[in-house]
>>> print(open('protein_16.tsv').read())   # TSV, N, CA and C atoms
chain	number	residue	atom	x	y	z
Q	1	MET	N	92.69	122.40	87.21
Q	1	MET	CA	91.35	121.91	87.01
Q	1	MET	C	90.82	122.49	85.70
Q	2	ASN	N	90.02	121.72	85.09
Q	2	ASN	CA	89.41	122.18	83.85
Q	2	ASN	C	87.95	121.76	83.87
Q	3	VAL	N	87.15	122.46	84.67
Q	3	VAL	CA	85.74	122.12	84.80
Q	3	VAL	C	84.94	123.19	84.08
Q	4	ALA	N	84.23	122.78	83.05
Q	4	ALA	CA	83.44	123.72	82.25
Q	4	ALA	C	82.30	124.31	83.07
Q	5	GLU	N	81.86	125.48	82.62
Q	5	GLU	CA	80.69	126.09	83.25
Q	5	GLU	C	79.48	125.20	82.97
Q	6	HIS	N	78.61	125.02	83.98
Q	6	HIS	CA	77.39	124.21	83.90
Q	6	HIS	C	77.68	122.74	83.57
Q	7	PRO	N	78.55	122.08	84.33
Q	7	PRO	CA	78.83	120.67	84.06
Q	7	PRO	C	77.68	119.78	84.51
Q	8	THR	N	77.64	118.59	83.95
Q	8	THR	CA	76.68	117.59	84.42
Q	8	THR	C	77.19	117.03	85.75
Q	9	LEU	N	76.31	116.36	86.46
Q	9	LEU	CA	76.72	115.75	87.72
Q	9	LEU	C	77.79	114.68	87.47
Q	10	ASP	N	77.66	113.93	86.39
Q	10	ASP	CA	78.67	112.91	86.07
Q	10	ASP	C	80.03	113.55	85.78
Q	11	GLU	N	80.04	114.68	85.09
Q	11	GLU	CA	81.31	115.39	84.83
Q	11	GLU	C	81.93	115.87	86.13
Q	12	LEU	N	81.11	116.40	87.03
Q	12	LEU	CA	81.63	116.85	88.33
Q	12	LEU	C	82.22	115.68	89.10
Q	13	LYS	N	81.50	114.59	89.17
Q	13	LYS	CA	81.97	113.42	89.91
Q	13	LYS	C	83.29	112.90	89.33
Q	14	ALA	N	83.40	112.87	88.02
Q	14	ALA	CA	84.64	112.39	87.39
Q	14	ALA	C	85.81	113.30	87.74
Q	15	GLU	N	85.62	114.59	87.63
Q	15	GLU	CA	86.72	115.53	87.91
Q	15	GLU	C	87.11	115.53	89.38
Q	16	PHE	N	86.15	115.55	90.27
Q	16	PHE	CA	86.47	115.69	91.68
Q	16	PHE	C	86.72	114.35	92.38
Q	17	SER	N	86.60	113.24	91.65
Q	17	SER	CA	86.99	111.95	92.22
Q	17	SER	C	88.50	111.91	92.45
Q	18	LYS	N	89.22	112.83	91.83
Q	18	LYS	CA	90.67	112.93	92.03
Q	18	LYS	C	91.01	113.39	93.44
Q	19	ASP	N	90.05	113.96	94.15
Q	19	ASP	CA	90.24	114.35	95.55
Q	19	ASP	C	89.98	113.10	96.40
Q	20	ARG	N	90.98	112.25	96.46
Q	20	ARG	CA	90.81	110.94	97.09
Q	20	ARG	C	90.56	111.01	98.59
Q	21	PHE	N	91.15	111.99	99.28
Q	21	PHE	CA	90.90	112.08	100.72
Q	21	PHE	C	89.42	112.37	100.98
Q	22	ALA	N	88.88	113.36	100.27
Q	22	ALA	CA	87.48	113.73	100.49
Q	22	ALA	C	86.52	112.63	100.04
Q	23	THR	N	86.76	112.07	98.85
Q	23	THR	CA	85.79	111.12	98.30
Q	23	THR	C	85.95	109.71	98.84
Q	24	ILE	N	87.18	109.25	99.03
Q	24	ILE	CA	87.38	107.87	99.49
Q	24	ILE	C	87.47	107.80	101.01
Q	25	ALA	N	88.40	108.54	101.60
Q	25	ALA	CA	88.63	108.44	103.04
Q	25	ALA	C	87.46	109.01	103.85
Q	26	ALA	N	86.99	110.20	103.45
Q	26	ALA	CA	85.93	110.86	104.22
Q	26	ALA	C	84.52	110.50	103.73
Q	27	GLY	N	84.41	110.04	102.49
Q	27	GLY	CA	83.09	109.64	101.97
Q	27	GLY	C	82.23	110.79	101.49
Q	28	CYS	N	82.84	111.91	101.08
Q	28	CYS	CA	82.08	113.06	100.57
Q	28	CYS	C	81.52	112.74	99.19
Q	29	ARG	N	80.29	113.17	98.96
Q	29	ARG	CA	79.63	112.96	97.67
Q	29	ARG	C	79.07	114.30	97.16
Q	30	ILE	N	79.13	114.48	95.86
Q	30	ILE	CA	78.59	115.68	95.23
Q	30	ILE	C	77.11	115.46	94.94
Q	31	LEU	N	76.29	116.41	95.35
Q	31	LEU	CA	74.86	116.38	95.02
Q	31	LEU	C	74.56	117.27	93.82
Q	32	GLU	N	75.21	118.44	93.79
Q	32	GLU	CA	75.06	119.36	92.66
Q	32	GLU	C	76.16	120.39	92.72
Q	33	GLY	N	76.45	120.99	91.58
Q	33	GLY	CA	77.47	122.02	91.54
Q	33	GLY	C	77.40	122.80	90.25
Q	34	ASP	N	77.81	124.05	90.33
Q	34	ASP	CA	77.86	124.94	89.19
Q	34	ASP	C	78.83	126.05	89.55
Q	35	MET	N	79.01	126.99	88.66
Q	35	MET	CA	79.92	128.09	88.92
Q	35	MET	C	79.43	128.86	90.16
Q	36	GLY	N	80.27	128.89	91.20
Q	36	GLY	CA	79.95	129.63	92.41
Q	36	GLY	C	79.00	128.94	93.36
Q	37	TYR	N	78.70	127.66	93.14
Q	37	TYR	CA	77.74	126.96	93.98
Q	37	TYR	C	78.05	125.46	94.02
Q	38	ALA	N	77.87	124.85	95.19
Q	38	ALA	CA	77.98	123.39	95.29
Q	38	ALA	C	77.22	122.93	96.51
Q	39	ARG	N	76.72	121.72	96.43
Q	39	ARG	CA	76.09	121.06	97.57
Q	39	ARG	C	76.61	119.62	97.60
Q	40	CYS	N	77.16	119.25	98.76
Q	40	CYS	CA	77.77	117.93	98.95
Q	40	CYS	C	77.25	117.34	100.25
Q	41	GLU	N	77.39	116.01	100.37
Q	41	GLU	CA	76.96	115.36	101.60
Q	41	GLU	C	77.95	114.29	102.02
Q	42	MET	N	77.80	113.86	103.27
Q	42	MET	CA	78.65	112.83	103.82
Q	42	MET	C	77.85	112.06	104.86
Q	43	ASP	N	77.77	110.74	104.71
Q	43	ASP	CA	77.15	109.91	105.74
Q	43	ASP	C	78.12	109.87	106.92
Q	44	ILE	N	77.59	110.01	108.12
Q	44	ILE	CA	78.42	109.97	109.32
Q	44	ILE	C	78.65	108.51	109.70
Q	45	THR	N	79.92	108.14	109.81
Q	45	THR	CA	80.29	106.79	110.23
Q	45	THR	C	81.13	106.88	111.51
Q	46	ASP	N	81.44	105.75	112.08
Q	46	ASP	CA	82.29	105.74	113.28
Q	46	ASP	C	83.65	106.37	113.00
Q	47	THR	N	84.13	106.27	111.77
Q	47	THR	CA	85.42	106.86	111.40
Q	47	THR	C	85.43	108.37	111.60
Q	48	HIS	N	84.28	109.03	111.48
Q	48	HIS	CA	84.19	110.49	111.61
Q	48	HIS	C	84.10	110.95	113.07
Q	49	ARG	N	84.00	110.04	114.00
Q	49	ARG	CA	83.74	110.41	115.40
Q	49	ARG	C	85.03	110.57	116.21
Q	50	ASN	N	84.96	111.51	117.16
Q	50	ASN	CA	86.08	111.75	118.06
Q	50	ASN	C	85.89	110.96	119.36
Q	51	GLY	N	86.75	111.20	120.34
Q	51	GLY	CA	86.69	110.48	121.60
Q	51	GLY	C	85.43	110.74	122.41
Q	52	MET	N	84.72	111.83	122.12
Q	52	MET	CA	83.46	112.14	122.81
Q	52	MET	C	82.26	111.61	122.04
Q	53	ASP	N	82.53	110.86	120.96
Q	53	ASP	CA	81.52	110.26	120.09
Q	53	ASP	C	80.76	111.30	119.26
Q	54	ASN	N	81.31	112.51	119.15
Q	54	ASN	CA	80.76	113.53	118.26
Q	54	ASN	C	81.53	113.51	116.95
Q	55	VAL	N	80.96	114.11	115.91
Q	55	VAL	CA	81.65	114.20	114.63
Q	55	VAL	C	82.84	115.15	114.81
Q	56	MET	N	84.01	114.68	114.43
Q	56	MET	CA	85.24	115.44	114.56
Q	56	MET	C	85.18	116.69	113.69
Q	57	GLY	N	85.71	117.80	114.22
Q	57	GLY	CA	85.74	119.05	113.47
Q	57	GLY	C	86.43	118.91	112.13
Q	58	GLY	N	87.47	118.10	112.07
Q	58	GLY	CA	88.18	117.89	110.81
Q	58	GLY	C	87.32	117.24	109.74
Q	59	ALA	N	86.41	116.37	110.14
Q	59	ALA	CA	85.49	115.75	109.18
Q	59	ALA	C	84.52	116.79	108.63
Q	60	ILE	N	84.03	117.65	109.51
Q	60	ILE	CA	83.11	118.72	109.08
Q	60	ILE	C	83.85	119.67	108.14
Q	61	PHE	N	85.08	120.03	108.52
Q	61	PHE	CA	85.89	120.92	107.68
Q	61	PHE	C	86.14	120.29	106.31
Q	62	THR	N	86.46	118.99	106.28
Q	62	THR	CA	86.73	118.32	105.01
Q	62	THR	C	85.53	118.41	104.07
Q	63	LEU	N	84.34	118.17	104.59
Q	63	LEU	CA	83.14	118.27	103.75
Q	63	LEU	C	82.95	119.70	103.25
Q	64	ALA	N	83.11	120.68	104.13
Q	64	ALA	CA	82.97	122.09	103.72
Q	64	ALA	C	84.02	122.46	102.67
Q	65	ASP	N	85.25	122.02	102.86
Q	65	ASP	CA	86.33	122.33	101.93
Q	65	ASP	C	86.10	121.68	100.57
Q	66	PHE	N	85.52	120.48	100.56
Q	66	PHE	CA	85.20	119.79	99.31
Q	66	PHE	C	84.14	120.58	98.53
Q	67	ALA	N	83.10	121.04	99.21
Q	67	ALA	CA	82.08	121.86	98.55
Q	67	ALA	C	82.69	123.16	98.04
Q	68	LEU	N	83.58	123.75	98.82
Q	68	LEU	CA	84.27	124.97	98.40
Q	68	LEU	C	85.07	124.73	97.12
Q	69	ALA	N	85.78	123.61	97.06
Q	69	ALA	CA	86.59	123.31	95.87
Q	69	ALA	C	85.73	123.27	94.61
Q	70	ILE	N	84.57	122.68	94.71
Q	70	ILE	CA	83.68	122.59	93.55
Q	70	ILE	C	83.16	123.97	93.18
Q	71	ALA	N	82.62	124.69	94.15
Q	71	ALA	CA	82.04	126.01	93.87
Q	71	ALA	C	83.07	126.98	93.32
Q	72	SER	N	84.31	126.84	93.73
Q	72	SER	CA	85.33	127.82	93.32
Q	72	SER	C	86.03	127.45	92.02
Q	73	ASN	N	85.91	126.22	91.57
Q	73	ASN	CA	86.64	125.80	90.37
Q	73	ASN	C	85.78	125.60	89.13
Q	74	VAL	N	84.49	125.42	89.28
Q	74	VAL	CA	83.64	125.22	88.11
Q	74	VAL	C	83.54	126.52	87.31
Q	75	GLY	N	83.89	126.44	86.04
Q	75	GLY	CA	83.78	127.58	85.14
Q	75	GLY	C	84.75	128.71	85.45
Q	76	GLN	N	85.78	128.43	86.23
Q	76	GLN	CA	86.76	129.45	86.64
Q	76	GLN	C	88.17	128.93	86.39
Q	77	PRO	N	89.14	129.85	86.36
Q	77	PRO	CA	90.52	129.37	86.35
Q	77	PRO	C	90.78	128.57	87.62
Q	78	ALA	N	91.80	127.74	87.61
Q	78	ALA	CA	92.14	126.95	88.80
Q	78	ALA	C	92.20	127.88	90.01
Q	79	THR	N	91.58	127.43	91.09
Q	79	THR	CA	91.43	128.26	92.29
Q	79	THR	C	91.82	127.43	93.52
Q	80	VAL	N	92.59	128.06	94.40
Q	80	VAL	CA	92.96	127.41	95.66
Q	80	VAL	C	92.57	128.33	96.81
Q	81	SER	N	92.24	127.74	97.93
Q	81	SER	CA	91.88	128.55	99.09
Q	81	SER	C	93.16	129.02	99.79
Q	82	VAL	N	93.10	130.24	100.30
Q	82	VAL	CA	94.26	130.79	101.01
Q	82	VAL	C	93.96	131.10	102.47
Q	83	SER	N	92.68	131.20	102.81
Q	83	SER	CA	92.32	131.50	104.19
Q	83	SER	C	90.93	130.95	104.48
Q	84	HIS	N	90.78	130.33	105.65
Q	84	HIS	CA	89.49	129.78	106.09
Q	84	HIS	C	89.21	130.21	107.52
Q	85	SER	N	87.95	130.30	107.83
Q	85	SER	CA	87.51	130.44	109.21
Q	85	SER	C	86.27	129.58	109.34
Q	86	ILE	N	86.22	128.77	110.40
Q	86	ILE	CA	85.05	127.91	110.58
Q	86	ILE	C	84.55	128.05	112.01
Q	87	GLU	N	83.24	128.17	112.13
Q	87	GLU	CA	82.58	128.22	113.44
Q	87	GLU	C	81.70	126.99	113.55
Q	88	PHE	N	81.81	126.31	114.68
Q	88	PHE	CA	81.00	125.13	114.94
Q	88	PHE	C	79.89	125.53	115.90
Q	89	PHE	N	78.63	125.26	115.52
Q	89	PHE	CA	77.48	125.69	116.31
Q	89	PHE	C	77.02	124.64	117.32
Q	90	ARG	N	77.02	123.38	116.90
Q	90	ARG	CA	76.50	122.32	117.76
Q	90	ARG	C	76.97	120.98	117.22
Q	91	ALA	N	76.90	119.98	118.07
Q	91	ALA	CA	77.15	118.60	117.64
Q	91	ALA	C	75.90	118.08	116.95
Q	92	THR	N	76.08	117.29	115.93
Q	92	THR	CA	74.94	116.75	115.21
Q	92	THR	C	74.37	115.51	115.91
Q	93	LYS	N	73.08	115.35	115.80
Q	93	LYS	CA	72.40	114.13	116.25
Q	93	LYS	C	71.96	113.33	115.03
Q	94	GLY	N	72.22	113.86	113.84
Q	94	GLY	CA	71.78	113.22	112.61
Q	94	GLY	C	72.72	112.14	112.14
Q	95	SER	N	72.44	111.61	110.96
Q	95	SER	CA	73.26	110.55	110.38
Q	95	SER	C	73.99	111.00	109.12
Q	96	LYS	N	73.79	112.26	108.73
Q	96	LYS	CA	74.37	112.78	107.50
Q	96	LYS	C	74.65	114.27	107.67
Q	97	LEU	N	75.71	114.75	107.01
Q	97	LEU	CA	76.00	116.19	106.96
Q	97	LEU	C	75.89	116.66	105.52
Q	98	ILE	N	75.42	117.88	105.34
Q	98	ILE	CA	75.26	118.48	104.02
Q	98	ILE	C	75.95	119.84	104.04
Q	99	ALA	N	76.83	120.07	103.07
Q	99	ALA	CA	77.53	121.35	102.95
Q	99	ALA	C	77.06	122.06	101.69
Q	100	THR	N	76.68	123.33	101.85
Q	100	THR	CA	76.24	124.14	100.72
Q	100	THR	C	77.16	125.34	100.62
Q	101	ALA	N	77.89	125.43	99.51
Q	101	ALA	CA	78.85	126.51	99.29
Q	101	ALA	C	78.29	127.49	98.27
Q	102	HIS	N	78.51	128.77	98.53
Q	102	HIS	CA	78.15	129.78	97.53
Q	102	HIS	C	79.16	130.91	97.54
Q	103	CYS	N	79.34	131.48	96.37
Q	103	CYS	CA	80.30	132.57	96.19
Q	103	CYS	C	79.63	133.88	96.60
Q	104	ASP	N	80.27	134.58	97.52
Q	104	ASP	CA	79.78	135.89	97.95
Q	104	ASP	C	80.26	136.99	97.02
Q	105	LYS	N	81.50	136.86	96.53
Q	105	LYS	CA	82.07	137.85	95.60
Q	105	LYS	C	83.19	137.19	94.83
Q	106	ALA	N	83.13	137.27	93.51
Q	106	ALA	CA	84.18	136.72	92.65
Q	106	ALA	C	84.90	137.87	91.97
Q	107	GLY	N	86.21	137.91	92.14
Q	107	GLY	CA	87.03	138.92	91.48
Q	107	GLY	C	88.00	138.26	90.52
Q	108	ARG	N	88.86	139.08	89.91
Q	108	ARG	CA	89.84	138.54	88.96
Q	108	ARG	C	90.84	137.61	89.63
Q	109	SER	N	91.29	137.98	90.83
Q	109	SER	CA	92.31	137.16	91.48
Q	109	SER	C	91.85	136.56	92.81
Q	110	LEU	N	90.87	137.16	93.46
Q	110	LEU	CA	90.37	136.64	94.73
Q	110	LEU	C	88.86	136.38	94.63
Q	111	ALA	N	88.41	135.40	95.39
Q	111	ALA	CA	86.98	135.11	95.48
Q	111	ALA	C	86.66	134.80	96.94
Q	112	PHE	N	85.47	135.18	97.36
Q	112	PHE	CA	85.04	135.03	98.75
Q	112	PHE	C	83.83	134.11	98.80
Q	113	PHE	N	83.87	133.13	99.71
Q	113	PHE	CA	82.84	132.10	99.78
Q	113	PHE	C	82.33	131.92	101.19
Q	114	THR	N	81.10	131.44	101.28
Q	114	THR	CA	80.52	130.97	102.54
Q	114	THR	C	80.05	129.54	102.30
Q	115	VAL	N	80.33	128.67	103.27
Q	115	VAL	CA	79.87	127.28	103.21
Q	115	VAL	C	79.09	127.00	104.49
Q	116	ASP	N	77.82	126.67	104.33
Q	116	ASP	CA	76.96	126.32	105.46
Q	116	ASP	C	76.89	124.80	105.56
Q	117	VAL	N	77.07	124.28	106.77
Q	117	VAL	CA	76.98	122.83	106.99
Q	117	VAL	C	75.80	122.58	107.92
Q	118	SER	N	74.92	121.71	107.47
Q	118	SER	CA	73.76	121.32	108.28
Q	118	SER	C	73.70	119.80	108.33
Q	119	ASP	N	72.79	119.28	109.14
Q	119	ASP	CA	72.61	117.83	109.18
Q	119	ASP	C	71.28	117.45	108.55
Q	120	ASP	N	71.03	116.16	108.47
Q	120	ASP	CA	69.80	115.69	107.84
Q	120	ASP	C	68.58	115.89	108.73
Q	121	LEU	N	68.78	116.47	109.91
Q	121	LEU	CA	67.66	116.84	110.78
Q	121	LEU	C	67.29	118.32	110.62
Q	122	GLY	N	68.02	119.01	109.72
Q	122	GLY	CA	67.75	120.42	109.47
Q	122	GLY	C	68.43	121.38	110.42
Q	123	LYS	N	69.36	120.90	111.24
Q	123	LYS	CA	70.06	121.75	112.20
Q	123	LYS	C	71.32	122.32	111.57
Q	124	ASP	N	71.59	123.61	111.82
Q	124	ASP	CA	72.84	124.22	111.40
Q	124	ASP	C	73.96	123.71	112.29
Q	125	ILE	N	75.02	123.17	111.68
Q	125	ILE	CA	76.12	122.57	112.42
Q	125	ILE	C	77.36	123.47	112.41
Q	126	ALA	N	77.67	124.08	111.27
Q	126	ALA	CA	78.87	124.91	111.17
Q	126	ALA	C	78.74	125.87	110.00
Q	127	LYS	N	79.61	126.88	110.00
Q	127	LYS	CA	79.70	127.83	108.88
Q	127	LYS	C	81.17	128.11	108.63
Q	128	MET	N	81.58	127.98	107.38
Q	128	MET	CA	82.95	128.32	106.99
Q	128	MET	C	82.92	129.52	106.05
Q	129	THR	N	83.85	130.44	106.26
Q	129	THR	CA	84.08	131.48	105.27
Q	129	THR	C	85.49	131.27	104.74
Q	130	ALA	N	85.68	131.58	103.47
Q	130	ALA	CA	86.97	131.31	102.84
Q	130	ALA	C	87.29	132.39	101.81
Q	131	VAL	N	88.57	132.65	101.68
Q	131	VAL	CA	89.10	133.49	100.61
Q	131	VAL	C	89.92	132.57	99.72
Q	132	SER	N	89.66	132.63	98.43
Q	132	SER	CA	90.36	131.79	97.47
Q	132	SER	C	91.08	132.65	96.44
Q	133	SER	N	92.12	132.09	95.87
Q	133	SER	CA	92.93	132.81	94.89
Q	133	SER	C	92.93	132.06	93.57
Q	134	ARG	N	92.77	132.82	92.49
Q	134	ARG	CA	92.87	132.24	91.14
Q	134	ARG	C	94.35	132.08	90.83
Q	135	VAL	N	94.75	130.89	90.37
Q	135	VAL	CA	96.18	130.63	90.17
Q	135	VAL	C	96.60	130.62	88.71
Q	136	GLU	N	95.68	130.76	87.79
Q	136	GLU	CA	96.08	130.79	86.36
Q	136	GLU	C	96.15	132.22	85.89
>>> encode(input="protein_16.tsv", output="structure tokens")
Amino acid sequence: MNVAEHPTLDELKAEFSKDRFATIAAGCRILEGDMGYARCEMDITDTHRNGMDNVMGGAIFTLADFALAIASNVGQPATVSVSHSIEFFRATKGSKLIATAHCDKAGRSLAFFTVDVSDDLGKDIAKMTAVSSRVE
């Protein structure tokens, strides 16, 4: 990845459109992003629902992981996640999910992130913590 520090929203969208699973299959969209920070959203569709008609955990994880990718790669050497933990708090009653990623600590080779996922009703849905590694 080669994402400059403080990119425009159009630059972010162009670079991260290469993540076809998140952007095309899951419908994740970037709202904003910068070094160590990102906010993304996803409209909930029937495709995201499991057999109990709730949003599938994998869909929530995909949105959180997409926000993590942006927050960890903007203005940094290429970064990949090596470990995740996600806690699901409740099923959403909303029509949209929003993931907000922020860097808790950035080091030379490792970085630590938290991604909070909420819905458009203001309810906390999940929290992901991740450890990422700089690969360049």
>>> closest_atom_pairs(input="protein_16.tsv", of="stretch 32-66 of chain Q", to="stretch 2-12 of chain Q", cutoff="6.5 Å", atoms="all atoms listed in the file", output="CSV")
residue,atom,partner,partner_atom,distance
Q:Glu32,CA,Q:Leu9,CA,6.3
Q:Gly33,C,Q:Pro7,N,6.1
Q:Asp34,CA,Q:His6,N,5.3
Q:Met35,N,Q:His6,N,5.1
>>> atom_distance(input="protein_16.tsv", atom1="atom CA of Q:Asn50", atom2="atom CA of Q:Ala67")
22.3 Å
>>> closest_residue(input="protein_16.tsv", among="Q:Val135, Q:Ile30, Q:Leu63, Q:Val115", to="Q:Ala78", atoms="only C-alpha atoms")
Q:Val135
>>> residues_around(input="protein_16.tsv", residues="Q:Lys127", least_positions_apart="3", cutoff="5 Å", atoms="all atoms listed in the file", output="mmCIF file with N, CA and C atoms, in the coordinates of the input")
data_model
loop_
_atom_site.group_PDB
_atom_site.id
_atom_site.type_symbol
_atom_site.label_atom_id
_atom_site.label_comp_id
_atom_site.auth_asym_id
_atom_site.auth_seq_id
_atom_site.Cartn_x
_atom_site.Cartn_y
_atom_site.Cartn_z
ATOM 1 N N ILE Q 86 86.220 128.770 110.400
ATOM 2 C CA ILE Q 86 85.050 127.910 110.580
ATOM 3 C C ILE Q 86 84.550 128.050 112.010
ATOM 4 N N GLU Q 87 83.240 128.170 112.130
ATOM 5 C CA GLU Q 87 82.580 128.220 113.440
ATOM 6 C C GLU Q 87 81.700 126.990 113.550
ATOM 7 N N VAL Q 115 80.330 128.670 103.270
ATOM 8 C CA VAL Q 115 79.870 127.280 103.210
ATOM 9 C C VAL Q 115 79.090 127.000 104.490
ATOM 10 N N ASP Q 116 77.820 126.670 104.330
ATOM 11 C CA ASP Q 116 76.960 126.320 105.460
ATOM 12 C C ASP Q 116 76.890 124.800 105.560
ATOM 13 N N VAL Q 117 77.070 124.280 106.770
ATOM 14 C CA VAL Q 117 76.980 122.830 106.990
ATOM 15 C C VAL Q 117 75.800 122.580 107.920
#
>>> atom_distance(input="protein_16.tsv", atom1="atom CA of Q:Arg134", atom2="atom CA of Q:Gly107")
8.9 Å
>>> select_by_dssp(input="protein_16.tsv", residues="chain Q", states="helix (DSSP H, G or I)", output="MDAnalysis selection string")
chainID Q and resid 9:16 20:25 46:48 57:73
>>> residues_near_point(input="protein_16.tsv", point="(82.6, 128.7, 94.9)", cutoff="6 Å", atoms="only C-alpha atoms", output="ChimeraX atom specification")
/Q:36-37,68,71-72,102-103,113
>>> axis_aligned_box(input="protein_16.tsv", around="stretch 42-61 of chain Q", padding_each_side="8 Å", output="AutoDock Vina command-line options")
--center_x 82.7 --center_y 113.3 --center_z 113.0 --size_x 27.0 --size_y 31.2 --size_z 35.5
>>> atom_distance(input="protein_16.tsv", atom1="atom C of Q:Ile125", atom2="atom CA of Q:Gly57")
9.5 Å
>>> select_by_dssp(input="protein_16.tsv", residues="chain Q", states="strand (DSSP E or B)", output="number ranges by chain")
Q: 3, 28-34, 37-43, 49, 55, 74, 79-88, 96-106, 110-119, 124-134
>>> closest_atom_pairs(input="protein_16.tsv", of="stretch 16-86 of chain Q", to="stretch 91-96 of chain Q", cutoff="7 Å", atoms="only N, CA and C atoms", output="JSON lines")
{"residue": "Q:Glu41", "atom": "C", "partner": "Q:Lys96", "partner_atom": "C", "distance": 6.5}
{"residue": "Q:Met42", "atom": "C", "partner": "Q:Lys96", "partner_atom": "CA", "distance": 4.4}
{"residue": "Q:Asp43", "atom": "CA", "partner": "Q:Lys96", "partner_atom": "CA", "distance": 4.4}
{"residue": "Q:Ile44", "atom": "N", "partner": "Q:Ser95", "partner_atom": "C", "distance": 3.9}
{"residue": "Q:Thr45", "atom": "N", "partner": "Q:Ser95", "partner_atom": "C", "distance": 6.6}
{"residue": "Q:Asn54", "atom": "CA", "partner": "Q:Ala91", "partner_atom": "CA", "distance": 6.3}
{"residue": "Q:Val55", "atom": "N", "partner": "Q:Thr92", "partner_atom": "N", "distance": 5.8}
>>> residues_around(input="protein_16.tsv", residues="Q:Phe66", least_positions_apart="4", cutoff="12 Å", atoms="only C-alpha atoms", output="PyMOL selection string")
chain Q and resi 12-13+16-23+26-31+33+37-42+59-62+70-73+80-81+98-101+115+117+128
>>> closest_residue(input="protein_16.tsv", among="Q:Ser85, Q:Ser132, Q:Ser118, Q:Thr79", to="Q:Asp104", atoms="only C-alpha atoms")
Q:Ser132
>>> closest_residue(input="protein_16.tsv", among="Q:Met56, Q:Ile24, Q:Ala69, Q:Ala14", to="Q:Arg90", atoms="only C-alpha atoms")
Q:Met56
>>> closest_residue(input="protein_16.tsv", among="Q:Thr129, Q:Ala25, Q:Thr114, Q:Arg49", to="Q:His84", atoms="only C-alpha atoms")
Q:Thr129
>>> decode(input="protein_16.tsv", residues="stretch 93-104 of chain Q", atoms="N, CA, C and O atoms", output="mmCIF file, in the first residue's frame")
data_model
loop_
_atom_site.group_PDB
_atom_site.id
_atom_site.type_symbol
_atom_site.label_atom_id
_atom_site.label_comp_id
_atom_site.auth_asym_id
_atom_site.auth_seq_id
_atom_site.Cartn_x
_atom_site.Cartn_y
_atom_site.Cartn_z
ATOM 1 N N LYS Q 93 -30.741 -3.550 15.751
ATOM 2 C CA LYS Q 93 -32.103 -3.318 15.258
ATOM 3 C C LYS Q 93 -32.074 -2.240 14.180
ATOM 4 O O LYS Q 93 -33.099 -1.890 13.615
ATOM 5 N N GLY Q 94 -30.887 -1.698 13.915
ATOM 6 C CA GLY Q 94 -30.746 -0.615 12.954
ATOM 7 C C GLY Q 94 -30.658 -1.096 11.525
ATOM 8 O O GLY Q 94 -30.753 -2.295 11.235
ATOM 9 N N SER Q 95 -30.401 -0.163 10.625
ATOM 10 C CA SER Q 95 -30.289 -0.476 9.202
ATOM 11 C C SER Q 95 -28.880 -0.259 8.669
ATOM 12 O O SER Q 95 -28.625 -0.477 7.486
ATOM 13 N N LYS Q 96 -27.966 0.169 9.548
ATOM 14 C CA LYS Q 96 -26.605 0.483 9.129
ATOM 15 C C LYS Q 96 -25.651 0.203 10.291
ATOM 16 O O LYS Q 96 -26.015 0.377 11.454
ATOM 17 N N LEU Q 97 -24.427 -0.218 9.961
ATOM 18 C CA LEU Q 97 -23.366 -0.374 10.959
ATOM 19 C C LEU Q 97 -22.253 0.612 10.657
ATOM 20 O O LEU Q 97 -21.959 0.889 9.479
ATOM 21 N N ILE Q 98 -21.632 1.128 11.702
ATOM 22 C CA ILE Q 98 -20.537 2.084 11.580
ATOM 23 C C ILE Q 98 -19.367 1.565 12.406
ATOM 24 O O ILE Q 98 -19.538 1.238 13.586
ATOM 25 N N ALA Q 99 -18.189 1.476 11.786
ATOM 26 C CA ALA Q 99 -16.981 1.031 12.485
ATOM 27 C C ALA Q 99 -16.017 2.201 12.592
ATOM 28 O O ALA Q 99 -15.729 2.873 11.599
ATOM 29 N N THR Q 100 -15.518 2.432 13.804
ATOM 30 C CA THR Q 100 -14.552 3.497 14.049
ATOM 31 C C THR Q 100 -13.294 2.868 14.610
ATOM 32 O O THR Q 100 -13.320 2.265 15.690
ATOM 33 N N ALA Q 101 -12.197 2.984 13.858
ATOM 34 C CA ALA Q 101 -10.916 2.393 14.256
ATOM 35 C C ALA Q 101 -9.978 3.485 14.725
ATOM 36 O O ALA Q 101 -9.932 4.570 14.138
ATOM 37 N N HIS Q 102 -9.233 3.190 15.788
ATOM 38 C CA HIS Q 102 -8.185 4.119 16.211
ATOM 39 C C HIS Q 102 -6.992 3.342 16.739
ATOM 40 O O HIS Q 102 -7.128 2.241 17.265
ATOM 41 N N CYS Q 103 -5.834 3.942 16.550
ATOM 42 C CA CYS Q 103 -4.580 3.328 16.974
ATOM 43 C C CYS Q 103 -4.358 3.637 18.449
ATOM 44 O O CYS Q 103 -4.370 4.792 18.866
ATOM 45 N N ASP Q 104 -4.168 2.579 19.229
ATOM 46 C CA ASP Q 104 -3.871 2.742 20.651
ATOM 47 C C ASP Q 104 -2.389 2.968 20.884
ATOM 48 O O ASP Q 104 -2.004 3.735 21.764
#
